[in-house]
Amino acid sequence: MHRKTRFNPLPLALGVTLLAGVASAGVLARDPYLQKVGPDTALVAFRLASSCTPEVLYGQGSTSQVARSENTGRNHAVVITGLKPGTEYTYVVSACGVKTSAKTFRTAPVPGTRNVHFAAVGDFGTGGSDQKRVAAAMVARKPELFVALGDNAYPDGTEADFQDHLFAPMADLLSQVPLFASPGNHEYVTNQGQPYLDNLFMPTNNPAGSERYYSFDWGHVHFVSLDSNCAIGMASSDRCSLAAQKAWLETDLAGTQQPWKIVFFHHPPFSSGEHGSQLTMRKQFGPLFEKYGVDLVLTGHDHNYERSKPMKGDAIATSGGIPYLVVGGGGAALRAFSTSRPNWSVIRDNTAHGFLDVEVVEGVLTAKLLTTANTVLDSFTLRKDLPPVEQPPPADALSITVEGERGVAPHTALFRATTSQEVPVKWDFGDGGSAEGATTEHVYTKAGQYTVTATAVFGSVTRTATAVVTVSQAPSSGDDAGTVTPPTTTPPTTTPPTPGEPEEQPGPTPPGAVGSNDDGGGGGGCAAAPATAMLPSAGFLLAGLWRRRRQAPRA
């Protein structure tokens with residue numbers, strides 16, 4: 001057929017572009033959100049509209065590196081390792097033949113870095129216009145992390161509430177800024193916060209391996225998230241207890257090496273709002289805050305903003321003391337104060353929605369309550385003397401080697417840390433287990449993807465290195481592939497290789513690392529060797545394993 005008019009490709013190009021945009025928007029039922037971002041790792045979670053095997057493409061500027069999900073379900077949590085500290089990365093989710101638009105995020109700086117910028121607010125999860133304006137204002141400030149103070153998903157903290165009142169209205173923010181949350185009382189309405197735990201991926205560094213309360217370092221700031229619902233008796237004892245949380249908190253605060261300490265949770269120890277002061281939190285945790293030098297306590301619950309004077313016990317401190325803030329203007333309807341302003345209250349406001357914007361540079365913490373109208377409602381400064389900066393250890397001061405990155409539950413993995421100096425090494429195995437020492441092993445009893453973190457302290461500087469261990473369910477046949485069989489005392493039988501014939505080498509490990517909160521993933525591992533081929537002692541076993549080691553990403 002011959003055309004009688006000149007072909008104009010522009011309408012076709014526009015149509016293809018629009019179709020691609022529609023397809024990209026339709027491939028995800030939940031946009032990507034960033035969790036557990038550290039100096040060398042990040043978790044990208046998302047939900048697909050239909051089942052397929054997705055991957056995350058990422059890199060510095062370009063997206064040439066790949067982290068694949070081995071799950072074909074809809075819910076995915078892809079762990080990326082081997083990243084550089086304090087570095088901006090671009091990422092794209094590729095799924096079902098379609099790629100999403102590119103997003104960026106920044107990894108945490110090297111622990112001890114004396115420049116941190118974060119945002120904090122609570123009581124926002126309504127899905128309304130005020131919440132969206134607060135989220136947009138936070139995006140404009142480009143914080144490194146977002147600290148959420150509870151009531152993240154009104155009214156009941158259900159699966160639907162999380163989707164409609166957290167992930168949908170705050171998608172742009174959560175795809176660029178990692179979220180570190182604490183649970184509010186509205187999350188506890190449904191099954192004591194179980195949907196909160198199902199939808200978010202928080203650190204698991206308490207003895208129970210629970211995400212209800214945890215801590216992490218960002219630069220030279222040590223953050224602690226508490227579960228105040230648990231502390232005031234809203235959780236059953238099998239899930240969380242006041243005594244366990246207090247014991248963990250004391251150990252955690254005593255052990256941190258960072259000069260700044262910030263604690264956040266939902267119920268305020270000091271408030272003149274509708275709910276008032278939560279005296280159990282004040283009585284049970286205030287003495288620990290004071291004993292270990294906590295600098296700032298951030299809370300929500302009351303739908304307003306209020307800042308206390310520096311407090312010690314129940315009274316205004318004559319020296320030192322801790323300021324307690326209520327930052328509850330994240331989007332829910334603002335409420336009247338229940339009393340006249342008490343003498344311990346510096347400032348309070350229930351007329352404007354906004355968030356707390358905090359910068360910690362060297363020994364100076366500067367905080368501003370920024371409203372959605374871009375006005376400064378309140379500002380204050382905290383100061384402390386810091387020792388001179390030590391010469392940091394080299395970037396490769398800590399590296400880890402893993403034997404048994406994949407296996408079938410129960411699965412034993414072996415770990416070794418290499419350090420540039422003789423310093424203690426602590427291990428967090430990602431399932432609540434921990435250990436100390438340069439070499440160790442751990443048994444994973446359940447299927448899942450576990451981020452293993454090794455921590456070493458060089459003076460006042462902390463280095464971490466991470467790896468991922470993937471454990472799958474045991475097959476129905478009872479096959480025990482993937483486990484490490486203890487050595488026997490039978491002398492080894494070895495056969496030298498045929499001249500000119502290369503020795504067998506292990507195959508390459510796929511790049512990237514993957515996690516999922518769907519069906520679990522991964523499998524394989526090496527089958528146990530026959531007894532006649534076993535080395536006669538654990539030492540020889542380890543020696544053989546380390547020769548086949550895979551070098552994990554360095555901090």
# chains A, B, ... in the order shown; residues from 1 in each chain; ligands from 1

call {"tool": "residues_around", "arguments": {"residues": "Ala42 in chain A", "least_positions_apart": "5", "cutoff": "6 Å", "atoms": "only C-alpha atoms", "output": "PyMOL selection string"}}
result
chain A and resi 36-37+79-80

call {"tool": "write_last_selection", "arguments": {"atoms": "all heavy atoms", "output": "PDB file, in the first residue's frame"}}
result
ATOM      1  N   LYS A  36      16.013  -0.828  56.205  1.00  0.00           N
ATOM      2  CA  LYS A  36      17.282  -1.369  56.701  1.00  0.00           C
ATOM      3  C   LYS A  36      18.485  -0.917  55.863  1.00  0.00           C
ATOM      4  O   LYS A  36      19.403  -1.699  55.573  1.00  0.00           O
ATOM      5  CB  LYS A  36      17.205  -2.892  56.765  1.00  0.00           C
ATOM      6  CG  LYS A  36      16.147  -3.390  57.738  1.00  0.00           C
ATOM      7  CD  LYS A  36      15.940  -4.887  57.689  1.00  0.00           C
ATOM      8  CE  LYS A  36      17.063  -5.649  58.324  1.00  0.00           C
ATOM      9  NZ  LYS A  36      16.722  -7.085  58.496  1.00  0.00           N
ATOM     10  N   VAL A  37      18.491   0.347  55.487  1.00  0.00           N
ATOM     11  CA  VAL A  37      19.634   0.887  54.747  1.00  0.00           C
ATOM     12  C   VAL A  37      20.779   1.100  55.720  1.00  0.00           C
ATOM     13  O   VAL A  37      20.607   1.657  56.804  1.00  0.00           O
ATOM     14  CB  VAL A  37      19.258   2.198  54.044  1.00  0.00           C
ATOM     15  CG1 VAL A  37      20.489   2.867  53.436  1.00  0.00           C
ATOM     16  CG2 VAL A  37      18.213   1.946  52.960  1.00  0.00           C
ATOM     17  N   VAL A  79      17.391  -7.689  49.053  1.00  0.00           N
ATOM     18  CA  VAL A  79      18.514  -7.141  49.793  1.00  0.00           C
ATOM     19  C   VAL A  79      19.682  -6.922  48.839  1.00  0.00           C
ATOM     20  O   VAL A  79      20.087  -7.821  48.103  1.00  0.00           O
ATOM     21  CB  VAL A  79      18.944  -8.086  50.931  1.00  0.00           C
ATOM     22  CG1 VAL A  79      20.156  -7.530  51.668  1.00  0.00           C
ATOM     23  CG2 VAL A  79      17.788  -8.297  51.897  1.00  0.00           C
ATOM     24  N   ILE A  80      20.228  -5.704  48.867  1.00  0.00           N
ATOM     25  CA  ILE A  80      21.398  -5.367  48.053  1.00  0.00           C
ATOM     26  C   ILE A  80      22.583  -5.203  48.991  1.00  0.00           C
ATOM     27  O   ILE A  80      22.499  -4.479  49.985  1.00  0.00           O
ATOM     28  CB  ILE A  80      21.176  -4.057  47.272  1.00  0.00           C
ATOM     29  CG1 ILE A  80      19.895  -4.131  46.435  1.00  0.00           C
ATOM     30  CG2 ILE A  80      22.368  -3.759  46.380  1.00  0.00           C
ATOM     31  CD1 ILE A  80      19.516  -2.806  45.802  1.00  0.00           C
TER      32      ILE A  80
END

call {"tool": "residues_around", "arguments": {"residues": "Gly430 in chain A", "least_positions_apart": "3", "cutoff": "6 Å", "atoms": "only C-alpha atoms", "output": "tab-separated table (two decimals) with N, CA, C and O atoms, in the first residue's frame"}}
result
chain	number	residue	atom	x	y	z
A	450	TYR	N	18.51	-14.10	55.61
A	450	TYR	CA	19.04	-13.50	56.83
A	450	TYR	C	20.25	-12.63	56.49
A	450	TYR	O	21.21	-13.10	55.85
A	451	THR	N	20.18	-11.36	56.89
A	451	THR	CA	21.31	-10.46	56.73
A	451	THR	C	22.22	-10.59	57.94
A	451	THR	O	21.82	-10.28	59.05
A	452	VAL	N	23.42	-11.07	57.70
A	452	VAL	CA	24.40	-11.28	58.76
A	452	VAL	C	25.30	-10.05	58.84
A	452	VAL	O	25.82	-9.58	57.81

call {"tool": "closest_atom_pairs", "arguments": {"of": "range 132-213 of chain A", "to": "range 230-236 of chain A", "cutoff": "12 Å", "atoms": "only C-alpha atoms", "output": "CSV"}}
result
residue,atom,partner,partner_atom,distance
A:Ser182,CA,A:Cys230,CA,11.4
A:Pro183,CA,A:Cys230,CA,9.6
A:Gly184,CA,A:Cys230,CA,10.1
A:Asn185,CA,A:Met234,CA,8.5
A:His186,CA,A:Met234,CA,11.3
A:Glu187,CA,A:Met234,CA,11.1
A:Tyr188,CA,A:Met234,CA,7.6
A:Val189,CA,A:Met234,CA,9.5
A:Thr190,CA,A:Ala235,CA,11.4
A:Asn191,CA,A:Ala235,CA,9.3
A:Gln192,CA,A:Ala235,CA,6.1
A:Gly193,CA,A:Ala235,CA,8.9
A:Gln194,CA,A:Ala235,CA,10.9
A:Arg212,CA,A:Cys230,CA,8.5
A:Tyr213,CA,A:Cys230,CA,9.5

call {"tool": "residues_around", "arguments": {"residues": "range 101-116 of chain A", "least_positions_apart": "2", "cutoff": "6 Å", "atoms": "only C-alpha atoms", "output": "mmCIF file with all heavy atoms, in the first residue's frame"}}
result
data_model
loop_
_atom_site.group_PDB
_atom_site.id
_atom_site.type_symbol
_atom_site.label_atom_id
_atom_site.label_comp_id
_atom_site.auth_asym_id
_atom_site.auth_seq_id
_atom_site.Cartn_x
_atom_site.Cartn_y
_atom_site.Cartn_z
ATOM 1 N N GLY A 38 21.949 0.644 55.357
ATOM 2 C CA GLY A 38 23.147 0.814 56.166
ATOM 3 C C GLY A 38 24.282 1.349 55.319
ATOM 4 O O GLY A 38 24.082 1.770 54.172
ATOM 5 N N PRO A 39 25.510 1.315 55.829
ATOM 6 C CA PRO A 39 26.644 1.823 55.043
ATOM 7 C C PRO A 39 26.915 1.017 53.775
ATOM 8 O O PRO A 39 27.397 1.571 52.799
ATOM 9 C CB PRO A 39 27.820 1.722 56.029
ATOM 10 C CG PRO A 39 27.201 1.714 57.371
ATOM 11 C CD PRO A 39 25.902 0.988 57.211
ATOM 12 N N PRO A 85 29.587 3.346 51.458
ATOM 13 C CA PRO A 85 28.975 4.237 52.455
ATOM 14 C C PRO A 85 28.778 5.647 51.921
ATOM 15 O O PRO A 85 29.587 6.152 51.119
ATOM 16 C CB PRO A 85 29.984 4.227 53.614
ATOM 17 C CG PRO A 85 30.825 3.008 53.392
ATOM 18 C CD PRO A 85 30.880 2.810 51.915
ATOM 19 N N GLY A 86 27.701 6.294 52.371
ATOM 20 C CA GLY A 86 27.449 7.696 52.037
ATOM 21 C C GLY A 86 27.402 7.982 50.558
ATOM 22 O O GLY A 86 27.808 9.052 50.106
ATOM 23 N N THR A 87 26.867 7.051 49.782
ATOM 24 C CA THR A 87 26.893 7.153 48.319
ATOM 25 C C THR A 87 25.476 7.104 47.767
ATOM 26 O O THR A 87 24.648 6.336 48.238
ATOM 27 C CB THR A 87 27.722 6.004 47.718
ATOM 28 O OG1 THR A 87 29.046 6.055 48.258
ATOM 29 C CG2 THR A 87 27.790 6.096 46.205
ATOM 30 N N GLU A 88 25.219 7.928 46.760
ATOM 31 C CA GLU A 88 23.902 7.923 46.126
ATOM 32 C C GLU A 88 23.834 6.828 45.069
ATOM 33 O O GLU A 88 24.736 6.705 44.232
ATOM 34 C CB GLU A 88 23.592 9.271 45.488
ATOM 35 C CG GLU A 88 22.180 9.343 44.882
ATOM 36 C CD GLU A 88 21.819 10.725 44.368
ATOM 37 O OE1 GLU A 88 21.293 11.531 45.161
ATOM 38 O OE2 GLU A 88 22.082 10.981 43.174
ATOM 39 N N TYR A 89 22.750 6.062 45.117
ATOM 40 C CA TYR A 89 22.512 4.998 44.147
ATOM 41 C C TYR A 89 21.190 5.233 43.434
ATOM 42 O O TYR A 89 20.232 5.731 44.019
ATOM 43 C CB TYR A 89 22.476 3.628 44.838
ATOM 44 C CG TYR A 89 23.847 3.116 45.210
ATOM 45 C CD1 TYR A 89 24.435 3.471 46.426
ATOM 46 C CD2 TYR A 89 24.566 2.296 44.342
ATOM 47 C CE1 TYR A 89 25.697 3.017 46.765
ATOM 48 C CE2 TYR A 89 25.824 1.828 44.682
ATOM 49 C CZ TYR A 89 26.393 2.193 45.888
ATOM 50 O OH TYR A 89 27.643 1.739 46.212
ATOM 51 N N THR A 90 21.166 4.848 42.170
ATOM 52 C CA THR A 90 19.943 4.843 41.369
ATOM 53 C C THR A 90 19.448 3.409 41.276
ATOM 54 O O THR A 90 20.251 2.478 41.156
ATOM 55 C CB THR A 90 20.210 5.392 39.964
ATOM 56 O OG1 THR A 90 20.706 6.731 40.068
ATOM 57 C CG2 THR A 90 18.936 5.391 39.123
ATOM 58 N N TYR A 91 18.130 3.218 41.349
ATOM 59 C CA TYR A 91 17.604 1.857 41.231
ATOM 60 C C TYR A 91 16.294 1.842 40.470
ATOM 61 O O TYR A 91 15.554 2.833 40.429
ATOM 62 C CB TYR A 91 17.447 1.201 42.610
ATOM 63 C CG TYR A 91 16.277 1.684 43.430
ATOM 64 C CD1 TYR A 91 15.067 0.986 43.451
ATOM 65 C CD2 TYR A 91 16.365 2.844 44.206
ATOM 66 C CE1 TYR A 91 13.997 1.414 44.222
ATOM 67 C CE2 TYR A 91 15.301 3.282 44.979
ATOM 68 C CZ TYR A 91 14.121 2.564 44.983
ATOM 69 O OH TYR A 91 13.056 2.999 45.736
ATOM 70 N N VAL A 92 16.015 0.688 39.887
ATOM 71 C CA VAL A 92 14.811 0.448 39.100
ATOM 72 C C VAL A 92 14.328 -0.959 39.428
ATOM 73 O O VAL A 92 15.137 -1.878 39.576
ATOM 74 C CB VAL A 92 15.101 0.560 37.586
ATOM 75 C CG1 VAL A 92 13.937 0.022 36.763
ATOM 76 C CG2 VAL A 92 15.392 2.004 37.201
ATOM 77 N N GLN A 176 12.618 7.022 48.346
ATOM 78 C CA GLN A 176 13.891 7.742 48.310
ATOM 79 C C GLN A 176 14.574 7.854 49.671
ATOM 80 O O GLN A 176 15.791 8.009 49.743
ATOM 81 C CB GLN A 176 13.666 9.162 47.777
ATOM 82 C CG GLN A 176 13.057 9.220 46.399
ATOM 83 C CD GLN A 176 12.788 10.653 45.963
ATOM 84 O OE1 GLN A 176 13.720 11.425 45.750
ATOM 85 N NE2 GLN A 176 11.517 11.029 45.867
ATOM 86 N N GLY A 219 25.913 7.482 61.080
ATOM 87 C CA GLY A 219 26.975 8.451 61.357
ATOM 88 C C GLY A 219 27.397 8.374 62.803
ATOM 89 O O GLY A 219 27.688 7.300 63.333
ATOM 90 N N HIS A 220 27.427 9.528 63.479
ATOM 91 C CA HIS A 220 27.824 9.547 64.891
ATOM 92 C C HIS A 220 26.622 9.629 65.828
ATOM 93 O O HIS A 220 26.763 10.016 66.985
ATOM 94 C CB HIS A 220 28.797 10.698 65.153
ATOM 95 C CG HIS A 220 28.240 12.081 64.941
ATOM 96 N ND1 HIS A 220 27.274 12.397 64.022
ATOM 97 C CD2 HIS A 220 28.531 13.263 65.568
ATOM 98 C CE1 HIS A 220 27.002 13.679 64.066
ATOM 99 N NE2 HIS A 220 27.750 14.225 65.002
ATOM 100 N N GLU A 359 19.536 18.309 62.097
ATOM 101 C CA GLU A 359 20.891 18.155 61.595
ATOM 102 C C GLU A 359 21.844 18.055 62.779
ATOM 103 O O GLU A 359 21.771 18.867 63.705
ATOM 104 C CB GLU A 359 21.280 19.323 60.691
ATOM 105 C CG GLU A 359 20.466 19.377 59.402
ATOM 106 C CD GLU A 359 20.906 20.507 58.482
ATOM 107 O OE1 GLU A 359 20.416 21.631 58.679
ATOM 108 O OE2 GLU A 359 21.730 20.258 57.588
ATOM 109 N N VAL A 360 22.712 17.047 62.744
ATOM 110 C CA VAL A 360 23.696 16.847 63.804
ATOM 111 C C VAL A 360 25.074 16.918 63.152
ATOM 112 O O VAL A 360 25.483 15.995 62.437
ATOM 113 C CB VAL A 360 23.505 15.497 64.512
ATOM 114 C CG1 VAL A 360 24.358 15.440 65.774
ATOM 115 C CG2 VAL A 360 22.040 15.259 64.865
ATOM 116 N N VAL A 361 25.761 18.013 63.385
ATOM 117 C CA VAL A 361 27.076 18.251 62.781
ATOM 118 C C VAL A 361 28.095 18.409 63.902
ATOM 119 O O VAL A 361 27.970 19.310 64.730
ATOM 120 C CB VAL A 361 27.068 19.502 61.881
ATOM 121 C CG1 VAL A 361 28.443 19.704 61.241
ATOM 122 C CG2 VAL A 361 25.984 19.391 60.811
ATOM 123 N N GLU A 362 29.067 17.512 63.920
ATOM 124 C CA GLU A 362 30.060 17.511 65.001
ATOM 125 C C GLU A 362 29.331 17.447 66.351
ATOM 126 O O GLU A 362 28.536 16.565 66.579
ATOM 127 C CB GLU A 362 30.976 18.731 64.885
ATOM 128 C CG GLU A 362 31.803 18.763 63.614
ATOM 129 C CD GLU A 362 32.918 17.741 63.600
ATOM 130 O OE1 GLU A 362 33.273 17.215 64.681
ATOM 131 O OE2 GLU A 362 33.443 17.439 62.519
ATOM 132 N N VAL A 461 35.668 4.419 66.206
ATOM 133 C CA VAL A 461 35.053 4.217 64.902
ATOM 134 C C VAL A 461 34.601 2.764 64.778
ATOM 135 O O VAL A 461 35.364 1.835 65.070
ATOM 136 C CB VAL A 461 36.023 4.574 63.755
ATOM 137 C CG1 VAL A 461 35.368 4.319 62.401
ATOM 138 C CG2 VAL A 461 36.448 6.033 63.862
ATOM 139 N N THR A 462 33.364 2.589 64.357
ATOM 140 C CA THR A 462 32.791 1.259 64.178
ATOM 141 C C THR A 462 32.752 0.908 62.695
ATOM 142 O O THR A 462 32.361 1.726 61.864
ATOM 143 C CB THR A 462 31.371 1.199 64.754
ATOM 144 O OG1 THR A 462 31.419 1.527 66.142
ATOM 145 C CG2 THR A 462 30.772 -0.186 64.591
#

call {"tool": "closest_residue", "arguments": {"among": "A:Arg307, A:Ala409, A:Thr81, A:Thr464", "to": "Trp427 in chain A", "atoms": "only C-alpha atoms"}}
result
A:Thr464

call {"tool": "decode", "arguments": {"residues": "range 201-217 of chain A", "atoms": "N, CA, C and O atoms", "output": "short mmCIF file (atom, residue, chain, number, x, y, z; two decimals), in the first residue's frame"}}
result
data_model
loop_
_atom_site.label_atom_id
_atom_site.label_comp_id
_atom_site.auth_asym_id
_atom_site.auth_seq_id
_atom_site.Cartn_x
_atom_site.Cartn_y
_atom_site.Cartn_z
N PHE A 201 10.22 -3.83 57.56
CA PHE A 201 11.42 -4.62 57.77
C PHE A 201 12.39 -3.79 58.60
O PHE A 201 13.19 -3.02 58.08
N MET A 202 12.30 -3.95 59.92
CA MET A 202 13.13 -3.19 60.84
C MET A 202 14.32 -4.04 61.30
O MET A 202 14.32 -5.26 61.15
N PRO A 203 15.35 -3.41 61.87
CA PRO A 203 16.47 -4.19 62.40
C PRO A 203 16.01 -5.19 63.47
O PRO A 203 14.98 -4.99 64.12
N THR A 204 16.79 -6.25 63.64
CA THR A 204 16.43 -7.32 64.59
C THR A 204 17.60 -7.59 65.52
O THR A 204 18.17 -8.67 65.52
N ASN A 205 17.97 -6.58 66.33
CA ASN A 205 19.16 -6.75 67.16
C ASN A 205 18.84 -6.84 68.65
O ASN A 205 19.67 -6.53 69.48
N ASN A 206 17.61 -7.26 68.99
CA ASN A 206 17.34 -7.58 70.39
C ASN A 206 17.37 -9.10 70.55
O ASN A 206 17.31 -9.84 69.57
N PRO A 207 17.48 -9.61 71.77
CA PRO A 207 17.63 -11.06 71.96
C PRO A 207 16.51 -11.89 71.38
O PRO A 207 16.73 -13.04 70.99
N ALA A 208 15.30 -11.33 71.32
CA ALA A 208 14.17 -12.08 70.77
C ALA A 208 14.16 -12.08 69.25
O ALA A 208 13.33 -12.76 68.63
N GLY A 209 15.05 -11.30 68.62
CA GLY A 209 15.02 -11.18 67.17
C GLY A 209 13.77 -10.48 66.68
O GLY A 209 13.35 -10.65 65.54
N SER A 210 13.19 -9.65 67.54
CA SER A 210 11.93 -8.98 67.24
C SER A 210 12.19 -7.61 66.61
O SER A 210 13.18 -6.95 66.92
N GLU A 211 11.28 -7.18 65.74
CA GLU A 211 11.36 -5.85 65.15
C GLU A 211 10.56 -4.82 65.94
O GLU A 211 10.41 -3.68 65.51
N ARG A 212 10.04 -5.20 67.11
CA ARG A 212 9.23 -4.26 67.90
C ARG A 212 10.09 -3.17 68.52
O ARG A 212 9.64 -2.04 68.69
N TYR A 213 11.32 -3.49 68.90
CA TYR A 213 12.25 -2.47 69.41
C TYR A 213 13.65 -2.86 68.95
O TYR A 213 13.99 -4.04 68.83
N TYR A 214 14.48 -1.85 68.68
CA TYR A 214 15.77 -2.10 68.04
C TYR A 214 16.62 -0.84 68.14
O TYR A 214 16.15 0.22 68.60
N SER A 215 17.85 -0.92 67.67
CA SER A 215 18.72 0.25 67.60
C SER A 215 19.57 0.17 66.35
O SER A 215 19.72 -0.90 65.74
N PHE A 216 20.14 1.29 65.96
CA PHE A 216 21.04 1.33 64.81
C PHE A 216 21.87 2.61 64.89
O PHE A 216 21.49 3.58 65.56
N ASP A 217 23.00 2.62 64.22
CA ASP A 217 23.85 3.80 64.12
C ASP A 217 23.70 4.42 62.75
O ASP A 217 23.61 3.71 61.73
#
